[in-house]
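**Q** My file is entry25.cif. It has mmCIF, C-alpha atoms:
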data_start
#
loop_
_atom_site.label_atom_id
_atom_site.label_comp_id
_atom_site.auth_asym_id
_atom_site.auth_seq_id
_atom_site.Cartn_x
_atom_site.Cartn_y
_atom_site.Cartn_z
CA MET E 1 33.52 -6.79 -8.74
CA ARG E 2 30.55 -5.60 -6.64
CA ALA E 3 29.35 -9.20 -6.32
CA LEU E 4 32.80 -10.20 -5.02
CA ILE E 5 32.77 -7.35 -2.51
CA LEU E 6 29.33 -8.36 -1.22
CA ALA E 7 30.36 -12.01 -1.04
CA VAL E 8 33.44 -11.15 0.99
CA ALA E 9 31.35 -8.92 3.26
CA LEU E 10 29.04 -11.82 4.02
CA LEU E 11 32.02 -13.82 5.32
CA LEU E 12 32.88 -11.10 7.82
CA PRO E 13 31.23 -10.78 11.24
CA ALA E 14 27.97 -8.85 11.06
CA LEU E 15 28.05 -5.24 12.22
CA PRO E 16 26.25 -4.45 15.48
CA ALA E 17 22.50 -4.51 14.81
CA TRP E 18 19.82 -2.27 16.23
CA ALA E 19 16.04 -2.23 16.09
CA ARG E 20 13.31 0.36 16.46
CA ASP E 21 9.67 1.11 15.71
CA VAL E 22 9.13 4.21 13.62
CA TRP E 23 6.00 6.21 12.82
CA PHE E 24 5.87 8.96 10.23
CA THR E 25 3.14 11.24 8.90
CA THR E 26 2.36 11.21 5.19
CA SER E 27 1.57 14.26 3.08
CA ASP E 28 -2.17 13.57 3.53
CA GLY E 29 -1.86 13.27 7.31
CA ALA E 30 -1.80 9.48 7.82
CA ARG E 31 0.38 8.11 10.63
CA LEU E 32 2.18 5.04 9.25
CA HIS E 33 4.43 2.54 10.99
CA TYR E 34 7.47 0.46 10.11
CA THR E 35 10.06 -1.54 12.00
CA GLU E 36 13.71 -1.05 11.20
CA THR E 37 16.54 -3.42 12.08
CA GLY E 38 20.07 -4.21 10.99
CA PRO E 39 23.47 -2.53 11.06
CA ARG E 40 23.26 1.25 11.30
CA HIS E 41 25.72 1.73 8.46
CA ALA E 42 24.57 -1.07 6.16
CA PRO E 43 25.21 -0.32 2.47
CA LEU E 44 21.68 -1.31 1.40
CA THR E 45 18.14 -1.15 2.82
CA LEU E 46 15.55 -3.84 2.05
CA VAL E 47 11.95 -2.58 2.29
CA PHE E 48 9.35 -5.37 2.62
CA VAL E 49 5.79 -4.49 1.56
CA PRO E 50 3.11 -7.03 2.64
CA GLY E 51 -0.04 -8.17 0.88
CA TRP E 52 -3.74 -7.52 1.33
CA THR E 53 -4.54 -6.52 4.96
CA MET E 54 -1.28 -8.16 6.15
CA PRO E 55 1.13 -6.75 8.77
CA GLY E 56 4.77 -6.18 7.96
CA TRP E 57 5.83 -8.70 10.62
CA ILE E 58 4.80 -11.55 8.32
CA PHE E 59 8.32 -11.11 6.90
CA ALA E 60 9.91 -12.00 10.25
CA PRO E 61 11.98 -14.88 8.74
CA GLN E 62 13.44 -12.51 6.17
CA GLN E 63 14.12 -9.91 8.85
CA ALA E 64 16.06 -12.48 10.88
CA PHE E 65 18.07 -13.58 7.85
CA PHE E 66 18.89 -10.25 6.20
CA GLN E 67 19.34 -7.99 9.24
CA ARG E 68 22.78 -9.45 9.80
CA HIS E 69 24.20 -7.46 6.89
CA TYR E 70 21.45 -5.13 5.61
CA ARG E 71 19.11 -2.54 7.04
CA VAL E 72 15.67 -4.21 6.97
CA VAL E 73 12.40 -2.26 6.97
CA LEU E 74 9.09 -4.08 7.49
CA PHE E 75 6.39 -1.66 6.32
CA ASP E 76 2.81 -1.55 7.58
CA PRO E 77 0.78 0.09 4.76
CA ARG E 78 -2.07 2.33 5.84
CA GLY E 79 -4.75 0.43 7.71
CA GLN E 80 -2.45 -2.57 8.18
CA GLY E 81 -0.27 -3.70 11.07
CA ARG E 82 0.25 -0.77 13.42
CA SER E 83 -0.42 1.96 10.88
CA GLU E 84 -3.40 4.29 11.15
CA ILE E 85 -6.75 3.23 9.71
CA THR E 86 -7.60 6.29 7.65
CA ALA E 87 -10.91 7.40 6.16
CA GLN E 88 -9.52 7.23 2.62
CA GLY E 89 -6.41 6.41 0.61
CA TYR E 90 -7.04 2.75 -0.23
CA ASP E 91 -6.23 3.16 -3.92
CA GLN E 92 -3.10 2.64 -5.99
CA THR E 93 -2.23 6.36 -6.24
CA ARG E 94 -2.16 7.00 -2.50
CA ARG E 95 -0.56 3.66 -1.67
CA GLY E 96 2.21 4.33 -4.19
CA ALA E 97 2.69 7.78 -2.68
CA ASP E 98 2.87 6.28 0.83
CA LEU E 99 5.67 3.98 -0.29
CA ALA E 100 7.48 6.87 -1.99
CA GLU E 101 7.31 8.94 1.19
CA LEU E 102 8.62 6.05 3.26
CA ILE E 103 11.57 5.48 0.92
CA ALA E 104 12.38 9.20 0.91
CA ARG E 105 13.03 8.90 4.67
CA LEU E 106 15.54 6.08 4.37
CA PRO E 107 19.30 6.44 3.87
CA GLY E 108 21.32 5.01 1.00
CA ARG E 109 20.19 2.61 -1.69
CA VAL E 110 16.93 0.65 -1.38
CA VAL E 111 15.58 -2.63 -2.74
CA VAL E 112 11.80 -3.00 -2.50
CA VAL E 113 10.37 -6.47 -1.87
CA GLY E 114 6.63 -6.44 -2.60
CA TRP E 115 4.38 -9.46 -2.05
CA SER E 116 0.84 -9.99 -3.39
CA LEU E 117 -0.94 -6.61 -3.17
CA GLY E 118 2.49 -5.23 -2.27
CA VAL E 119 3.51 -5.99 -5.87
CA LEU E 120 0.83 -3.61 -7.13
CA ASP E 121 1.68 -0.96 -4.54
CA THR E 122 5.32 -1.20 -5.60
CA LEU E 123 4.42 -0.86 -9.28
CA ALA E 124 2.13 2.09 -8.48
CA PHE E 125 5.15 3.72 -6.83
CA ILE E 126 7.20 3.06 -9.98
CA HIS E 127 4.37 4.36 -12.20
CA GLN E 128 4.50 7.64 -10.26
CA GLY E 129 8.21 8.07 -10.94
CA GLY E 130 9.83 5.89 -8.29
CA ASN E 131 12.92 7.19 -6.57
CA ASP E 132 16.46 7.50 -7.87
CA ARG E 133 17.80 5.70 -4.79
CA VAL E 134 15.85 2.52 -5.53
CA ALA E 135 18.36 -0.09 -6.72
CA GLY E 136 16.06 -3.00 -7.54
CA LEU E 137 12.70 -4.73 -7.12
CA VAL E 138 11.67 -8.16 -5.86
CA LEU E 139 8.06 -8.89 -6.88
CA VAL E 140 6.45 -11.90 -5.21
CA ASP E 141 3.44 -13.94 -6.37
CA ASN E 142 1.07 -11.59 -8.10
CA SER E 143 0.20 -10.69 -11.65
CA VAL E 144 2.24 -7.89 -13.21
CA GLY E 145 -0.17 -7.27 -16.08
CA GLU E 146 1.63 -9.63 -18.45
CA ARG E 147 0.04 -12.22 -20.71
CA PRO E 148 -2.02 -14.28 -20.02
CA ALA E 149 -4.62 -12.51 -17.94
CA PRO E 150 -5.68 -14.31 -14.76
CA ALA E 151 -8.56 -16.71 -15.28
CA TYR E 152 -11.86 -15.57 -13.79
CA GLN E 153 -12.86 -17.59 -10.75
CA PRO E 154 -16.62 -17.38 -10.09
CA PRO E 155 -17.61 -17.24 -6.41
CA PRO E 156 -18.99 -20.45 -4.92
CA PRO E 157 -22.78 -20.77 -4.97
CA GLY E 158 -24.79 -19.58 -2.02
CA PRO E 159 -24.42 -16.57 0.27
CA PRO E 160 -20.89 -15.42 1.05
CA PRO E 161 -19.51 -16.41 4.45
CA PRO E 162 -19.25 -13.82 7.23
CA TYR E 163 -16.19 -11.65 6.73
CA PRO E 164 -14.24 -13.04 9.74
CA VAL E 165 -14.83 -16.58 8.46
CA PHE E 166 -13.61 -15.59 5.00
CA VAL E 167 -10.46 -13.97 6.39
CA ARG E 168 -9.63 -16.95 8.60
CA ALA E 169 -9.91 -19.26 5.59
CA PHE E 170 -7.89 -16.88 3.43
CA VAL E 171 -5.07 -16.72 5.99
CA ALA E 172 -4.96 -20.49 6.53
CA GLY E 173 -5.01 -21.09 2.76
CA MET E 174 -1.87 -19.03 2.11
CA PHE E 175 0.44 -21.75 3.39
CA HIS E 176 1.45 -25.13 2.00
CA THR E 177 3.36 -26.00 5.17
CA ARG E 178 1.59 -26.42 8.49
CA GLN E 179 1.52 -23.30 10.66
CA SER E 180 0.69 -23.27 14.35
CA PRO E 181 -2.86 -22.34 15.41
CA ALA E 182 -1.43 -19.50 17.50
CA TYR E 183 0.43 -18.04 14.51
CA LEU E 184 -2.65 -18.29 12.25
CA ALA E 185 -4.84 -16.72 14.92
CA ARG E 186 -2.44 -13.82 15.43
CA LEU E 187 -2.17 -13.21 11.69
CA THR E 188 -5.95 -13.38 11.28
CA ARG E 189 -6.47 -10.83 14.07
CA ALA E 190 -4.05 -8.48 12.34
CA CYS E 191 -5.86 -8.86 9.01
CA LEU E 192 -9.29 -8.27 10.56
CA ARG E 193 -8.15 -4.91 11.94
CA LEU E 194 -8.94 -3.18 8.61
CA PRO E 195 -12.71 -2.59 8.17
CA PRO E 196 -14.28 -4.67 5.38
CA PRO E 197 -15.18 -1.69 3.11
CA ASP E 198 -11.56 -0.51 3.12
CA ALA E 199 -10.31 -4.06 2.60
CA ALA E 200 -12.65 -4.36 -0.39
CA SER E 201 -11.26 -1.12 -1.85
CA LEU E 202 -7.78 -2.64 -1.82
CA LEU E 203 -9.04 -5.43 -4.08
CA ALA E 204 -10.57 -3.04 -6.61
CA TYR E 205 -7.86 -0.63 -7.77
CA PRO E 206 -9.57 1.33 -10.60
CA VAL E 207 -6.93 0.87 -13.30
CA PRO E 208 -6.62 -1.58 -16.21
CA ARG E 209 -4.10 -4.40 -15.92
CA THR E 210 -1.99 -2.67 -18.60
CA TYR E 211 -1.15 -0.07 -15.91
CA TRP E 212 1.01 -2.60 -14.05
CA LYS E 213 2.83 -3.89 -17.13
CA ALA E 214 3.53 -0.36 -18.35
CA ALA E 215 4.98 0.56 -14.97
CA LEU E 216 7.28 -2.44 -14.94
CA LEU E 217 8.44 -1.96 -18.53
CA SER E 218 9.10 1.73 -17.84
CA THR E 219 11.99 1.03 -15.47
CA ALA E 220 15.44 -0.38 -16.16
CA LEU E 221 15.88 -1.45 -12.53
CA PRO E 222 16.97 -5.04 -11.90
CA VAL E 223 13.89 -7.15 -11.12
CA LEU E 224 13.48 -10.55 -9.50
CA TYR E 225 10.00 -12.02 -10.10
CA VAL E 226 9.23 -14.94 -7.76
CA VAL E 227 5.94 -16.79 -8.28
CA ARG E 228 4.00 -20.03 -8.05
CA PRO E 229 3.12 -21.96 -11.23
CA GLN E 230 -0.11 -20.02 -11.79
CA TRP E 231 2.01 -17.00 -12.75
CA ALA E 232 4.74 -18.95 -14.60
CA ALA E 233 3.48 -17.98 -18.07
CA GLN E 234 3.49 -14.31 -17.06
CA ALA E 235 7.03 -14.76 -15.75
CA HIS E 236 8.30 -16.19 -19.04
CA ASN E 237 6.52 -13.52 -21.07
CA LEU E 238 7.99 -10.86 -18.81
CA VAL E 239 11.49 -12.12 -19.56
CA ALA E 240 10.69 -11.99 -23.29
CA ASP E 241 9.43 -8.39 -22.99
CA ARG E 242 12.01 -7.30 -20.43
CA PRO E 243 15.22 -9.36 -20.75
CA HIS E 244 16.92 -7.78 -17.69
CA THR E 245 14.59 -9.73 -15.38
CA ASP E 246 15.28 -12.78 -13.20
CA ILE E 247 12.47 -15.23 -12.47
CA ALA E 248 11.97 -18.16 -10.08
CA ILE E 249 9.05 -20.58 -9.81
CA PHE E 250 8.02 -22.21 -6.50
CA PRO E 251 5.92 -25.26 -7.45
CA ARG E 252 5.52 -26.67 -3.93
CA ALA E 253 4.67 -23.53 -1.97
CA GLY E 254 1.56 -21.60 -1.04
CA HIS E 255 0.92 -17.92 -1.63
CA ALA E 256 3.18 -17.04 1.32
CA LEU E 257 6.05 -18.82 -0.40
CA PHE E 258 8.65 -16.86 1.55
CA ILE E 259 7.31 -18.63 4.66
CA ASP E 260 6.81 -22.08 3.13
CA GLU E 261 10.28 -22.12 1.57
CA ALA E 262 12.05 -19.38 3.48
CA SER E 263 15.56 -20.78 2.96
CA ARG E 264 15.18 -20.99 -0.81
CA PHE E 265 13.53 -17.57 -1.03
CA ASP E 266 16.17 -15.89 1.12
CA ALA E 267 18.98 -17.50 -0.89
CA LEU E 268 17.43 -16.31 -4.18
CA VAL E 269 17.12 -12.76 -2.90
CA GLN E 270 20.68 -12.87 -1.56
CA GLN E 271 21.98 -14.03 -4.95
CA PHE E 272 20.00 -11.26 -6.65
CA LEU E 273 21.52 -8.66 -4.34
CA GLU E 274 25.04 -9.95 -4.90
CA ARG E 275 24.72 -10.31 -8.66
CA ASP E 276 22.53 -7.43 -9.78
CA ILE E 277 22.35 -4.68 -7.14
CA ARG E 278 24.76 -1.81 -6.92
CA SER E 279 24.92 -0.69 -3.28
#
Could you quickly redo this structure as structure tokens?

**A**
Amino acid sequence: MRALILAVALLLPALPAWARDVWFTTSDGARLHYTETGPRHAPLTLVFVPGWTMPGWIFAPQQAFFQRHYRVVLFDPRGQGRSEITAQGYDQTRRGADLAELIARLPGRVVVVGWSLGVLDTLAFIHQGGNDRVAGLVLVDNSVGERPAPAYQPPPPGPPPPYPVFVRAFVAGMFHTRQSPAYLARLTRACLRLPPPDAASLLAYPVPRTYWKAALLSTALPVLYVVRPQWAAQAHNLVADRPHTDIAIFPRAGHALFIDEASRFDALVQQFLERDIRS
């Protein structure tokens, strides 16, 4: 019945949308930013959590698609986007708490869409108890602690490249489809805003990989796990361990698969919302 109601709602004209930038102060004094768009009285809020050093605006295609019928929040985690670069807090406990404090500010039911490092921040939030208004999770292209463990990739021989060179290559390598030089340059500038020591801390959360699997298995929330083939085995094992999970594999996309195949990604999330989420 709820799927039918949502489907009918999508056929109706969208409610008047609005947009604003919001800053809030966390319990440890950090000033964090998010953008909020969509109908004021939407029945559901989608919170998008970006990956390592990324700004929330990388989800602009999803904002444009979903803001017609849902409240859409693009979150800038601490040190990223327009949020404050703090002296500390670049660990899973504080990042999970930041997400919890953001969600506590939002009205109604919430679906969290975490990508890359945002997957781990979302699972850290769940590990800390989550929030009873969270209605579901969309986890995009990262390990969730399932079998098999990621294969170790040794660094290339020779000295590492300068950090700006590394970040430029990292950003360009996230996409299978061609992106404009201006877009890649803007995204790279945003990623370079976080100082390298803090960026390194985000890649070294001091917990075993079982932490992430335990968090995911601890919740009965509906979950959509969307990945490239390198995580396909984890996806299938997750379904075996947690049957109330939907999975999708994107074999022809880069890490930013929601950009490379935005139409397919948006349609999958829409189907998940209609089928599995109680608003």

**Q** Select, from E:Ala172, E:Ile259, E:Leu203, E:Val22, the residue with the minimum atom-to-atom distance to Arg82 of chain E, counting only C-alpha atoms.

**A** E:Val22

**Q** Please provide the set of residues having any atom within 10 Å of Ser201 of chain E, restricted to only C-alpha atoms, with same-chain residues fewer than 4 positions apart removed, written as a list in words.

**A**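 The residues satisfying every condition are Gln88, Gly89, Tyr90, Asp91, Gln92, Pro196, Pro197, Tyr205 and Pro206 of chain E.
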
**Q** How many Å lie between atom CA of Arg95 of chain E and atom CA of Ala220 of chain E, rounded to one decimal?

**A**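 Between atom CA of Arg95 of chain E and atom CA of Ala220 of chain E the gap works out to 22.0 Å.
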
**Q** How many Å lie between atom CA of Gly129 of chain E and atom CA of Pro208 of chain E, rounded to one decimal?

**A**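 It comes out at 18.5 Å.
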
**Q** Pick from E:Gln179, E:Thr245, E:Ser116, E:Thr122: nearest to Val227 of chain E, with all atoms listed in the file counted?

**A**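 Of the candidates, the smallest distance to Val227 of chain E is held by E:Ser116.
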
**Q** Can you find the residues with an atom no farther than 12 Å from (10.1, -18.5, -0.1), counting only C-alpha atoms, and report them as a VMD selection string?

**A** chain E and resid 59 61 to 62 115 138 to 141 175 to 177 225 to 228 248 to 269

**Q** Would you export the selected residues with C-alpha atoms as a JSON list (two decimals), keeping the file's coordinate frame, please?

**A**
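Dumped everything to selection-v7.json:
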[["chain", "number", "residue", "atom", "x", "y", "z"],
["E", 59, "PHE", "CA", 8.32, -11.11, 6.90],
["E", 61, "PRO", "CA", 11.98, -14.88, 8.74],
["E", 62, "GLN", "CA", 13.44, -12.51, 6.17],
["E", 115, "TRP", "CA", 4.38, -9.46, -2.05],
["E", 138, "VAL", "CA", 11.67, -8.16, -5.86],
["E", 139, "LEU", "CA", 8.06, -8.89, -6.88],
["E", 140, "VAL", "CA", 6.45, -11.90, -5.21],
["E", 141, "ASP", "CA", 3.44, -13.94, -6.37],
["E", 175, "PHE", "CA", 0.44, -21.75, 3.39],
["E", 176, "HIS", "CA", 1.45, -25.13, 2.00],
["E", 177, "THR", "CA", 3.36, -26.00, 5.17],
["E", 225, "TYR", "CA", 10.00, -12.02, -10.10],
["E", 226, "VAL", "CA", 9.23, -14.94, -7.76],
["E", 227, "VAL", "CA", 5.94, -16.79, -8.28],
["E", 228, "ARG", "CA", 4.00, -20.03, -8.05],
["E", 248, "ALA", "CA", 11.97, -18.16, -10.08],
["E", 249, "ILE", "CA", 9.05, -20.58, -9.81],
["E", 250, "PHE", "CA", 8.02, -22.21, -6.50],
["E", 251, "PRO", "CA", 5.92, -25.26, -7.45],
["E", 252, "ARG", "CA", 5.52, -26.67, -3.93],
["E", 253, "ALA", "CA", 4.67, -23.53, -1.97],
["E", 254, "GLY", "CA", 1.56, -21.60, -1.04],
["E", 255, "HIS", "CA", 0.92, -17.92, -1.63],
["E", 256, "ALA", "CA", 3.18, -17.04, 1.32],
["E", 257, "LEU", "CA", 6.05, -18.82, -0.40],
["E", 258, "PHE", "CA", 8.65, -16.86, 1.55],
["E", 259, "ILE", "CA", 7.31, -18.63, 4.66],
["E", 260, "ASP", "CA", 6.81, -22.08, 3.13],
["E", 261, "GLU", "CA", 10.28, -22.12, 1.57],
["E", 262, "ALA", "CA", 12.05, -19.38, 3.48],
["E", 263, "SER", "CA", 15.56, -20.78, 2.96],
["E", 264, "ARG", "CA", 15.18, -20.99, -0.81],
["E", 265, "PHE", "CA", 13.53, -17.57, -1.03],
["E", 266, "ASP", "CA", 16.17, -15.89, 1.12],
["E", 267, "ALA", "CA", 18.98, -17.50, -0.89],
["E", 268, "LEU", "CA", 17.43, -16.31, -4.18],
["E", 269, "VAL", "CA", 17.12, -12.76, -2.90]]

**Q** I'd like the contact shell of segment 181-184 of chain E - 12 Å cut-off, only C-alpha atoms, skipping same-chain residues fewer than 2 positions apart - returned as a list in words.

**A**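 That gives Met54, Trp57, Ile58, Val167, Arg168, Ala169, Phe170, Val171, Ala172, Gly173, Met174, Phe175, Arg178, Gln179, Arg186, Leu187, Thr188, Arg189, Ala190 and Cys191 of chain E.
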
**Q** Given the selection you just returned, output its residues as a file containing C-alpha atoms, formatted as an mmCIF file, in the frame of the given file.

**A**
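Result file is again33.cif:
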data_model
loop_
_atom_site.group_PDB
_atom_site.id
_atom_site.type_symbol
_atom_site.label_atom_id
_atom_site.label_comp_id
_atom_site.auth_asym_id
_atom_site.auth_seq_id
_atom_site.Cartn_x
_atom_site.Cartn_y
_atom_site.Cartn_z
ATOM 1 C CA MET E 54 -1.280 -8.160 6.150
ATOM 2 C CA TRP E 57 5.830 -8.700 10.620
ATOM 3 C CA ILE E 58 4.800 -11.550 8.320
ATOM 4 C CA VAL E 167 -10.460 -13.970 6.390
ATOM 5 C CA ARG E 168 -9.630 -16.950 8.600
ATOM 6 C CA ALA E 169 -9.910 -19.260 5.590
ATOM 7 C CA PHE E 170 -7.890 -16.880 3.430
ATOM 8 C CA VAL E 171 -5.070 -16.720 5.990
ATOM 9 C CA ALA E 172 -4.960 -20.490 6.530
ATOM 10 C CA GLY E 173 -5.010 -21.090 2.760
ATOM 11 C CA MET E 174 -1.870 -19.030 2.110
ATOM 12 C CA PHE E 175 0.440 -21.750 3.390
ATOM 13 C CA ARG E 178 1.590 -26.420 8.490
ATOM 14 C CA GLN E 179 1.520 -23.300 10.660
ATOM 15 C CA ARG E 186 -2.440 -13.820 15.430
ATOM 16 C CA LEU E 187 -2.170 -13.210 11.690
ATOM 17 C CA THR E 188 -5.950 -13.380 11.280
ATOM 18 C CA ARG E 189 -6.470 -10.830 14.070
ATOM 19 C CA ALA E 190 -4.050 -8.480 12.340
ATOM 20 C CA CYS E 191 -5.860 -8.860 9.010
#

**Q** Using only C-alpha atoms, which residue out of E:Ala214, E:Ala149, E:Leu224, E:Ala87 lies closest to Asp198 of chain E?

**A**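 The closest residue to Asp198 of chain E is E:Ala87.
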
**Q** Just the number, please: distance in Å from atom CA of Thr35 of chain E to atom CA of Arg105 of chain E, one decimal.

**A**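 We find that atom CA of Thr35 of chain E and atom CA of Arg105 of chain E lie 13.1 Å from each other.
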